[in-house]
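> For reference, the structure I am asking about is given below.
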Amino acid sequence: MRKLVVITFAMLAALFTCGNVFAGNDSRVDSLNYALGCVQGENIRLQVIGADTLDSKKITQFCNGFNQSYGITEGKEFVRNSGYIAGAGLAEELNRGFLFNDSTIPAMKNLVIDAFLSGIYNRKWIVSEDSAMNFVQGTLGMSVYTGEKVNPSKENAEMLNRCVGYLNGINARRNALGKDTTDKDIKLFVSEFNKGMKVDEKERLFISGMNVGTRMTQGLKQMGFFFNDSAYALKLDIVKQGTLDCVTNNAKAKMTGGSAIQYLNAVEKSIQEQKNAVAIAEGRRFLDDNRRQAGVLETPSGLQYKVVKESNGLKPTAESTVKVHYTGKLIDGTVFDSSVERGEPLEFPLNRVIKGWTEGLQLMGVGSKYILYIPYDLGYGEKGAGGVIPGYATLIFEVELLDIVK
């Protein structure tokens, strides 16, 4: 079955401004959810329904499947849907007559299903899950990269079929049934699995709809909110509305897929600019207060520092390579890096690090320990670093100069 590709905001191009399409206090949040749904709906039309987008009966079939599974991630209905999807998906794979798109590996339905059920029932099997995976990967070998046929022996072909079934069964049990599996859950899953195995090809889009609805819901619940900001919560019902409006090409849709992309990017840019302004203001406020503290000195560049331990040792130049112990913090006290915690000093050329370090270390003699207070323009600037240092962040480093290596 084809899988829906969820577009990430970082991948979307061009920033445009688009007004909210919902009214009220939650208009922006609602509009974001609707826009996300529209983007998904556009992808579904192109990737899942494809050439059948003008066939209203097939679109309805897809939407019926989508409605049956969307929003359901637990309970009896989730088990029922998962079993049916698993059966239909496995049947589609087996009906091709071979595995891994390799005509030299015949699909052996009975072996696959028997092994699949062993995984679902958590029966002791001929090999472990890891061994089954290693066998599949080892047998396929370089064919994955070269495109050459595997041409396995009869015994290896049979084992490949068993491993495929078993690994699918283990994954289905893990994802659909979870840790709190009961006999009733297993029986319900297997019953629906058997029904799915017999599904007619004419129901392909219904199954695709169920599959997309399940995967979309799981992805959205993991995502939780927009732009890593809990103020912009996901609303499954509004995402669904936007999705179906674009899938069905509803004339009353509030956005198209294209305008939805533009809207999402424009809002993301606006929110990021607001966060940047807050970070800049907080950093300036911190440094203004800090320069009034006893023992804090400031250089013409805006770098602030405090001497914890002074030494008359040799001072490095900008071309020196130094050895230091350090702990880096944000102004809220969050530690983002520490050679002290790792128990291993760091060596680096002073001309290869942020400006605040290059300048600050040259003030220190070997054996000294300073606290450096680094404004964002002497630090990691507007982009931040490593996913742990935000853009426009003012930083605090406790640094001990251990040695000048060269």
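Each chain in the structure tokens gets a letter, A, B, ..., in the order shown, and its residues are numbered from 1; ligands are numbered from 1 in order too.
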Using DSSP secondary structure from the backbone, list all alpha helix (DSSP H) positions within stretch 13-139 of chain A, as JSON, numbers by chain.

{"A": [27, 28, 29, 30, 31, 32, 33, 34, 35, 36, 37, 38, 39, 40, 41, 42, 43, 56, 57, 58, 59, 60, 61, 62, 63, 64, 65, 66, 67, 68, 69, 75, 76, 77, 78, 79, 80, 81, 82, 83, 84, 85, 86, 87, 88, 89, 90, 91, 92, 93, 94, 109, 110, 111, 112, 113, 114, 115, 116, 117, 118, 119, 120, 129, 130, 131, 132, 133, 134, 135, 136, 137, 138, 139]}

> Residues within 8 Å of stretch 54-65 of chain A, please, as a VMD selection string. Count only C-alpha atoms; anything in the same chain fewer than 6 positions from it doesn't count.

chain A and resid 203 205 to 211 213 244 247 to 248

> How far is it from atom CA of A:Gly391 to atom CA of A:Leu346, in Å with one decimal?

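Atom CA of A:Gly391 sits 24.0 Å away from atom CA of A:Leu346.
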
> Rounded to one decimal in Å, what is the spacing between atom CA of A:Tyr305 and atom CA of A:Ile371?

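Atom-to-atom, atom CA of A:Tyr305 and atom CA of A:Ile371 are spaced 5.4 Å apart.
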
> Check the smallest atom-to-atom distance from each of A:Asn228, A:Val388, A:Thr214, A:Thr327 to A:Arg342 using only C-alpha atoms, then report the winner.

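Of A:Asn228, A:Val388, A:Thr214, A:Thr327, the one nearest A:Arg342 is A:Thr327, counting only C-alpha atoms.
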
> Any idea what's packed within 7 Å of A:Pro106, counting only C-alpha atoms, ignoring anything in its chain fewer than 4 positions away? Could you give it as an MDAnalysis selection string?

chainID A and resid 97:99

> Restrict the selected residues to N, CA, C and O atoms and save them as a PDB file, in the first residue's frame.


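Written output follows (part-v8.pdb):
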ATOM      1  N   GLY A  97       2.557 -12.480  -6.085  1.00  0.00           N
ATOM      2  CA  GLY A  97       3.191 -13.757  -6.398  1.00  0.00           C
ATOM      3  C   GLY A  97       4.654 -13.845  -6.034  1.00  0.00           C
ATOM      4  O   GLY A  97       5.270 -14.906  -6.170  1.00  0.00           O
ATOM      5  N   PHE A  98       5.244 -12.736  -5.554  1.00  0.00           N
ATOM      6  CA  PHE A  98       6.656 -12.778  -5.144  1.00  0.00           C
ATOM      7  C   PHE A  98       6.882 -11.720  -4.063  1.00  0.00           C
ATOM      8  O   PHE A  98       6.014 -10.874  -3.802  1.00  0.00           O
ATOM      9  N   LEU A  99       8.050 -11.783  -3.425  1.00  0.00           N
ATOM     10  CA  LEU A  99       8.370 -10.880  -2.319  1.00  0.00           C
ATOM     11  C   LEU A  99       9.491  -9.916  -2.708  1.00  0.00           C
ATOM     12  O   LEU A  99      10.324 -10.229  -3.556  1.00  0.00           O
TER      13      LEU A  99
END

> Pick the closest to A:Met255 from A:Val39, A:Val29, A:Ile404, A:Leu363: which is it, counting only C-alpha atoms?

A:Val39

> What does the structure give for the distance between atom CA of A:Thr334 and atom CA of A:Gln274, in Å to one decimal?

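About the pair atom CA of A:Thr334 and atom CA of A:Gln274: they are 21.5 Å apart.
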
> Can you pull out the residues contacting stretch 231-236 of chain A? Cut-off 9 Å, using only C-alpha atoms, and skip same-chain residues under 2 positions away; I want them as a list in words.

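Residues meeting the cut-off are Arg28, Val29, Asp30, Leu32, Asn33, Tyr34, Tyr70, Gly71, Thr217, Leu220, Lys221, Met223, Gly224, Phe225, Phe226, Phe227, Asn228, Asp229, Ile238, Val239, Lys240 and Gln241 of chain A.
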
> Kindly indicate which residue among A:Leu188, A:Glu129, A:Arg45, A:Ala266 lies nearest to A:Glu77, using only C-alpha atoms for the distances.

A:Leu188

> Counting only C-alpha atoms, which of A:Leu395, A:Cys38, A:Asp288, A:Asp403 gets nearest to A:Lys323?

A:Asp403
